[in-house]
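entry_15.txt follows; it contains compact mmCIF, C-alpha atoms and all ligand atoms.
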# COMPACT_ATOMS: atom_id res chain seq x y z
CA MET A 1 -25.99 -19.63 0.53
CA HIS A 2 -23.70 -21.56 -1.84
CA PRO A 3 -20.14 -22.66 -1.04
CA ILE A 4 -17.81 -21.15 -3.67
CA GLY A 5 -14.54 -22.64 -2.43
CA PRO A 6 -11.90 -20.96 -0.26
CA VAL A 7 -12.20 -17.66 -2.12
CA ASN A 8 -10.61 -14.62 -0.49
CA ALA A 9 -13.55 -12.23 -0.38
CA LEU A 10 -11.90 -9.32 1.43
CA TYR A 11 -11.80 -7.09 -1.63
CA PRO A 12 -11.81 -4.22 -2.43
CA MET A 13 -8.40 -3.34 -1.10
CA PRO A 14 -6.51 -0.10 -1.66
CA THR A 15 -3.94 -0.36 -4.41
CA THR A 16 -0.60 0.92 -3.13
CA LEU A 17 2.81 1.52 -4.60
CA VAL A 18 5.52 -0.03 -2.47
CA GLY A 19 8.94 1.56 -2.75
CA ALA A 20 12.28 -0.08 -2.04
CA THR A 21 15.90 0.55 -2.83
CA VAL A 22 17.16 -2.30 -4.96
CA LYS A 23 20.80 -2.39 -6.07
CA ALA A 24 21.19 1.25 -4.94
CA SER A 25 18.25 2.51 -7.05
CA PRO A 26 14.61 3.24 -6.20
CA ASN A 27 12.00 0.74 -7.44
CA PHE A 28 8.21 0.67 -7.09
CA LEU A 29 5.68 -2.15 -7.49
CA ALA A 30 1.88 -2.25 -7.20
CA VAL A 31 0.71 -4.02 -4.03
CA ALA A 32 -2.91 -4.59 -3.03
CA HIS A 33 -2.23 -7.20 -0.36
CA VAL A 34 -1.54 -4.85 2.50
CA GLY A 35 -2.49 -5.48 6.12
CA ILE A 36 -3.14 -3.40 9.20
CA LEU A 37 -1.78 -5.44 12.12
CA ASN A 38 -2.79 -3.21 15.03
CA HIS A 39 -3.96 0.30 15.82
CA GLY A 40 -1.60 2.43 17.87
CA THR A 41 2.01 3.41 18.32
CA PRO A 42 4.12 1.65 17.23
CA GLN A 43 1.94 0.98 14.22
CA TYR A 44 2.67 -2.20 12.24
CA LEU A 45 1.64 -2.78 8.62
CA SER A 46 2.26 -5.78 6.38
CA ILE A 47 2.74 -6.37 2.67
CA GLY A 48 2.67 -9.76 0.97
CA LEU A 49 5.16 -9.98 -1.89
CA SER A 50 5.71 -12.94 -4.16
CA LYS A 51 9.30 -14.12 -3.86
CA THR A 52 9.60 -13.83 -7.63
CA HIS A 53 9.60 -10.02 -7.44
CA TYR A 54 12.70 -7.89 -7.86
CA SER A 55 11.76 -5.67 -4.89
CA ASN A 56 12.10 -8.35 -2.18
CA GLY A 57 15.90 -8.44 -2.29
CA GLY A 58 16.10 -4.71 -1.63
CA ILE A 59 13.76 -4.88 1.36
CA HIS A 60 15.72 -7.78 2.85
CA GLU A 61 18.99 -5.90 2.31
CA ASN A 62 18.09 -2.38 3.47
CA ARG A 63 15.37 -3.33 5.97
CA THR A 64 13.18 -0.42 4.88
CA PHE A 65 10.29 0.13 2.46
CA SER A 66 7.54 2.63 1.74
CA ILE A 67 3.81 2.30 1.13
CA CYS A 68 2.59 5.09 -1.14
CA MET A 69 -1.11 5.80 -1.78
CA PRO A 70 -1.91 6.74 -5.37
CA SER A 71 -5.24 8.41 -6.13
CA GLU A 72 -7.43 7.37 -9.08
CA ASP A 73 -5.51 9.87 -11.18
CA LEU A 74 -2.43 7.64 -11.00
CA MET A 75 -4.19 4.47 -12.21
CA VAL A 76 -2.17 4.07 -15.40
CA GLU A 77 1.22 4.57 -13.73
CA THR A 78 0.25 2.31 -10.82
CA ASP A 79 -0.89 -0.48 -13.12
CA TYR A 80 2.34 -0.15 -15.10
CA CYS A 81 4.27 -0.69 -11.85
CA GLY A 82 2.25 -3.89 -11.42
CA ILE A 83 3.05 -5.15 -14.91
CA MET A 84 6.72 -4.30 -15.38
CA THR A 85 9.62 -5.56 -13.28
CA GLY A 86 12.44 -3.39 -12.02
CA ARG A 87 14.83 -6.05 -13.28
CA LYS A 88 14.28 -4.68 -16.78
CA THR A 89 12.59 -1.29 -16.41
CA ASP A 90 13.36 1.88 -14.47
CA LYS A 91 9.85 2.40 -13.08
CA ALA A 92 11.00 5.12 -10.69
CA ALA A 93 11.69 7.34 -13.72
CA LEU A 94 7.89 7.85 -13.93
CA PHE A 95 7.85 9.69 -10.63
CA ASP A 96 9.30 12.56 -8.68
CA VAL A 97 11.00 10.49 -5.94
CA PHE A 98 11.73 11.82 -2.45
CA TYR A 99 13.10 10.42 0.82
CA GLY A 100 12.15 11.05 4.44
CA GLN A 101 13.94 9.93 7.61
CA LEU A 102 14.91 6.55 6.21
CA GLU A 103 17.40 6.92 3.42
CA THR A 104 16.40 3.76 1.55
CA ALA A 105 12.59 4.04 1.49
CA PRO A 106 11.80 5.94 -1.73
CA MET A 107 8.46 7.77 -1.87
CA ILE A 108 6.48 9.49 -4.63
CA ARG A 109 5.50 13.18 -4.75
CA GLN A 110 2.62 12.40 -7.15
CA CYS A 111 1.07 10.17 -4.42
CA PRO A 112 -0.92 12.36 -2.01
CA VAL A 113 0.02 10.12 0.96
CA ASN A 114 3.30 8.27 1.55
CA MET A 115 4.40 6.13 4.51
CA GLU A 116 7.96 5.09 5.33
CA LEU A 117 8.55 1.91 7.33
CA ARG A 118 11.40 0.12 9.03
CA LEU A 119 11.35 -3.65 8.57
CA HIS A 120 10.29 -5.35 11.80
CA ASP A 121 9.99 -8.97 10.73
CA VAL A 122 9.53 -11.23 7.72
CA LEU A 123 7.10 -14.15 7.60
CA ASP A 124 8.53 -16.72 5.23
CA PHE A 125 5.59 -18.39 3.42
CA PRO A 126 6.55 -20.75 0.60
CA PRO A 127 5.53 -18.47 -2.31
CA HIS A 128 5.54 -15.12 -0.48
CA ASP A 129 7.53 -12.92 1.84
CA VAL A 130 5.21 -11.13 4.24
CA PHE A 131 7.15 -8.06 5.26
CA ILE A 132 6.01 -6.48 8.51
CA GLY A 133 7.05 -2.87 8.86
CA GLU A 134 6.96 -0.39 11.72
CA LEU A 135 5.58 2.91 10.51
CA VAL A 136 8.18 5.64 11.04
CA GLU A 137 6.53 8.66 9.38
CA THR A 138 3.64 9.56 7.11
CA TYR A 139 3.77 12.39 4.57
CA ALA A 140 0.55 13.91 3.20
CA ASP A 141 -0.18 16.59 0.65
CA ASP A 142 -2.27 19.50 1.98
CA SER A 143 -4.82 18.83 -0.76
CA VAL A 144 -5.98 15.58 0.95
CA LEU A 145 -6.07 16.82 4.55
CA THR A 146 -9.15 17.96 6.47
CA ASN A 147 -8.38 19.22 9.98
CA GLY A 148 -4.94 17.60 9.76
CA LYS A 149 -6.29 14.12 8.97
CA VAL A 150 -6.20 12.20 5.71
CA ASP A 151 -9.62 12.66 4.13
CA VAL A 152 -10.45 9.65 1.93
CA SER A 153 -12.93 11.69 -0.08
CA ARG A 154 -10.04 13.93 -1.09
CA LEU A 155 -7.47 11.12 -1.44
CA ARG A 156 -9.78 9.18 -3.81
CA PRO A 157 -7.92 5.88 -3.27
CA LEU A 158 -7.55 3.46 -6.16
CA LEU A 159 -9.42 0.32 -5.08
CA PHE A 160 -8.51 -3.13 -6.37
CA ASP A 161 -10.89 -6.07 -6.80
CA MET A 162 -9.55 -9.52 -7.70
CA ALA A 163 -12.95 -10.99 -8.75
CA SER A 164 -13.68 -8.39 -11.45
CA VAL A 165 -9.97 -7.65 -12.07
CA LYS A 166 -10.87 -3.97 -12.11
CA TYR A 167 -10.00 -0.78 -10.31
CA TRP A 168 -12.89 0.81 -8.44
CA ARG A 169 -13.55 4.11 -6.73
CA LEU A 170 -14.89 4.92 -3.29
CA GLY A 171 -18.56 5.91 -2.87
CA PRO A 172 -19.98 8.33 -0.32
CA ALA A 173 -19.90 7.74 3.46
CA VAL A 174 -22.97 5.89 4.75
CA GLY A 175 -22.75 6.35 8.50
CA ALA A 176 -20.65 7.08 11.58
CA CYS A 177 -18.46 4.30 13.11
CA TRP A 178 -18.98 3.44 16.78
CA ASN A 179 -22.23 5.30 16.45
CA ALA A 180 -24.58 3.81 13.85
CA GLY A 181 -25.13 0.70 16.00
CA LYS A 182 -26.33 2.71 18.98
CA SER A 183 -29.83 2.81 17.50
CA LEU A 184 -30.18 -0.91 18.40
CA LYS A 185 -29.28 -0.41 22.07
CA ARG A 186 -32.11 -1.09 24.49
CA LYS A 187 -33.43 2.12 26.00
C1 LIG B 1 -3.27 -3.94 -9.00
C2 LIG B 1 -2.10 -4.85 -8.71
C3 LIG B 1 -1.89 -5.29 -7.42
C4 LIG B 1 -0.80 -6.12 -7.13
N1 LIG B 1 -0.63 -6.57 -5.85
C5 LIG B 1 0.39 -7.39 -5.56
C6 LIG B 1 0.56 -7.88 -4.23
O1 LIG B 1 -0.19 -7.53 -3.31
N2 LIG B 1 1.59 -8.73 -4.00
C7 LIG B 1 2.45 -9.12 -4.98
O2 LIG B 1 3.37 -9.90 -4.71
N3 LIG B 1 2.34 -8.65 -6.26
C8 LIG B 1 1.32 -7.80 -6.56
N4 LIG B 1 1.17 -7.31 -7.84
C9 LIG B 1 2.16 -7.70 -8.87
C10 LIG B 1 3.46 -6.86 -8.84
O3 LIG B 1 3.19 -5.47 -8.67
C11 LIG B 1 4.22 -7.06 -10.18
O4 LIG B 1 4.52 -8.42 -10.39
C12 LIG B 1 5.48 -6.21 -10.32
O5 LIG B 1 5.85 -6.24 -11.68
C13 LIG B 1 6.68 -6.67 -9.48
O6 LIG B 1 7.66 -5.67 -9.62
P1 LIG B 1 9.22 -5.90 -9.28
O7 LIG B 1 9.68 -7.15 -9.99
O8 LIG B 1 9.88 -4.64 -9.85
O9 LIG B 1 9.38 -6.01 -7.80
C14 LIG B 1 0.10 -6.50 -8.15
C15 LIG B 1 -0.12 -6.03 -9.47
C16 LIG B 1 -1.21 -5.23 -9.75
C17 LIG B 1 -1.43 -4.74 -11.16

In structure tokens, how does this file's structure come out?
Amino acid sequence: MHPIGPVNALYPMPTTLVGATVKASPNFLAVAHVGILNHGTPQYLSIGLSKTHYSNGGIHENRTFSICMPSEDLMVETDYCGIMTGRKTDKAALFDVFYGQLETAPMIRQCPVNMELRLHDVLDFPPHDVFIGELVETYADDSVLTNGKVDVSRLRPLLFDMASVKYWRLGPAVGACWNAGKSLKRK
């Protein structure tokens, strides 16, 4: 084993589109640094956003945001939202925008799964705001549901890898969780 420095090796991560209302208009940016902080209800999720981004001000102001899950089919639009800033470009014009319970968390009909969150807390790191949101509601298109649950094989999430700087796709399932390890249990 060779040390390769303090390299974050947690990739791939899903690429998401985070929605916020900024200056009374919807804006979306690509975000791969998302976190799952617990499992349960309430459910808390985090996003790490550079303080240089246009979106941060809107999340601070309205205390809401969305996390939208594009499929592979939306790679070009998603990447565009990670290149362009809402300061200069109306990125929301690319999408059919809708709102749920929260009136300032814009979501995207072209994304098969959308989550709206209420801001719970902000961790103030020098270069980044880590916004922690409480999940209020999740909206899913019928086309990605199997028995009422989001089916990743149907969602076909757009995976992001920092090392290769490429988008990747999911492969097939390899085993059952909380089950595969049972074969090593002593009889
Ligand atoms: C695939 C991808 C993932 C990204 N992930 C993040 C991220 O996790 N955090 C972040 O601060 N910026 C991330 N970015 C950069 C922002 O999406 C980008 O700077 C965007 O233009 C900011 O938009 P805004 O100024 O309208 O808020 C990512 C960009 C790409 C292409």

Give me the residues near A:Tyr139 as an MDAnalysis selection string, where near means some atom within 7 Å (using only C-alpha atoms) and where sequence neighbours in that chain fewer than 4 positions away do not count. chainID A and resid 113:115

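Listed by chain and then residue number, the contacts of ligand LIG 1 (chain B) are Thr15, Asn27, Phe28, Leu29, Ala30, Val31, Ala32, His33, Val34, Ile47, Gly48, Leu49, Ser50, His53, Tyr54, Ser55, Asn56, Asp79, Cys81, Gly82, Ile83, Met84, Thr85, Gly86, Arg87 and Phe160 of chain A (distance at most 7 Å, using all atoms listed in the file).
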
What does the file look like for those residues with C-alpha atoms, as a CSV table (one decimal), in the coordinates of the input?
chain,number,residue,atom,x,y,z
A,15,THR,CA,-3.9,-0.4,-4.4
A,27,ASN,CA,12.0,0.7,-7.4
A,28,PHE,CA,8.2,0.7,-7.1
A,29,LEU,CA,5.7,-2.2,-7.5
A,30,ALA,CA,1.9,-2.2,-7.2
A,31,VAL,CA,0.7,-4.0,-4.0
A,32,ALA,CA,-2.9,-4.6,-3.0
A,33,HIS,CA,-2.2,-7.2,-0.4
A,34,VAL,CA,-1.5,-4.8,2.5
A,47,ILE,CA,2.7,-6.4,2.7
A,48,GLY,CA,2.7,-9.8,1.0
A,49,LEU,CA,5.2,-10.0,-1.9
A,50,SER,CA,5.7,-12.9,-4.2
A,53,HIS,CA,9.6,-10.0,-7.4
A,54,TYR,CA,12.7,-7.9,-7.9
A,55,SER,CA,11.8,-5.7,-4.9
A,56,ASN,CA,12.1,-8.4,-2.2
A,79,ASP,CA,-0.9,-0.5,-13.1
A,81,CYS,CA,4.3,-0.7,-11.8
A,82,GLY,CA,2.2,-3.9,-11.4
A,83,ILE,CA,3.0,-5.2,-14.9
A,84,MET,CA,6.7,-4.3,-15.4
A,85,THR,CA,9.6,-5.6,-13.3
A,86,GLY,CA,12.4,-3.4,-12.0
A,87,ARG,CA,14.8,-6.0,-13.3
A,160,PHE,CA,-8.5,-3.1,-6.4

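Computed from the coordinates, the atom CA of A:Val122 to atom CA of A:Val136 distance equals 17.2 Å.
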
Measuring between only C-alpha atoms, which one of A:His39, A:His2, A:His60, A:Arg118 shows the shortest distance to A:Leu135? A:Arg118

Nearest to A:Ala92 among A:Gly19, A:Gly35, A:Gly171, A:Gly133, with distances taken over only C-alpha atoms: which residue is it? A:Gly19

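Shortest separation to A:Arg169 among A:Met75, A:Ala93, A:Leu123, A:Ile132 occurs at residue A:Met75, atoms counted being all atoms listed in the file.
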
Point-to-point distance from atom CA of A:Lys166 to atom CA of A:Ile4, Å rounded to tenths: 20.4 Å

Is it possible to get the axis-aligned box enclosing stretch 14-32 of chain A (all listed atoms, 6 Å extra per side) as lines of an AutoDock Vina configuration file, with centre and edge lengths in Å rounded to one decimal?
center_x = 7.3
center_y = -0.7
center_z = -4.6
size_x = 39.7
size_y = 19.8
size_z = 17.8

Nearest to A:Ser143 by atom-to-atom distance, counting all atoms listed in the file, from A:Ile67, A:Val165, A:Cys111, A:Leu158: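 Of all the options, A:Cys111 lies closest to A:Ser143.
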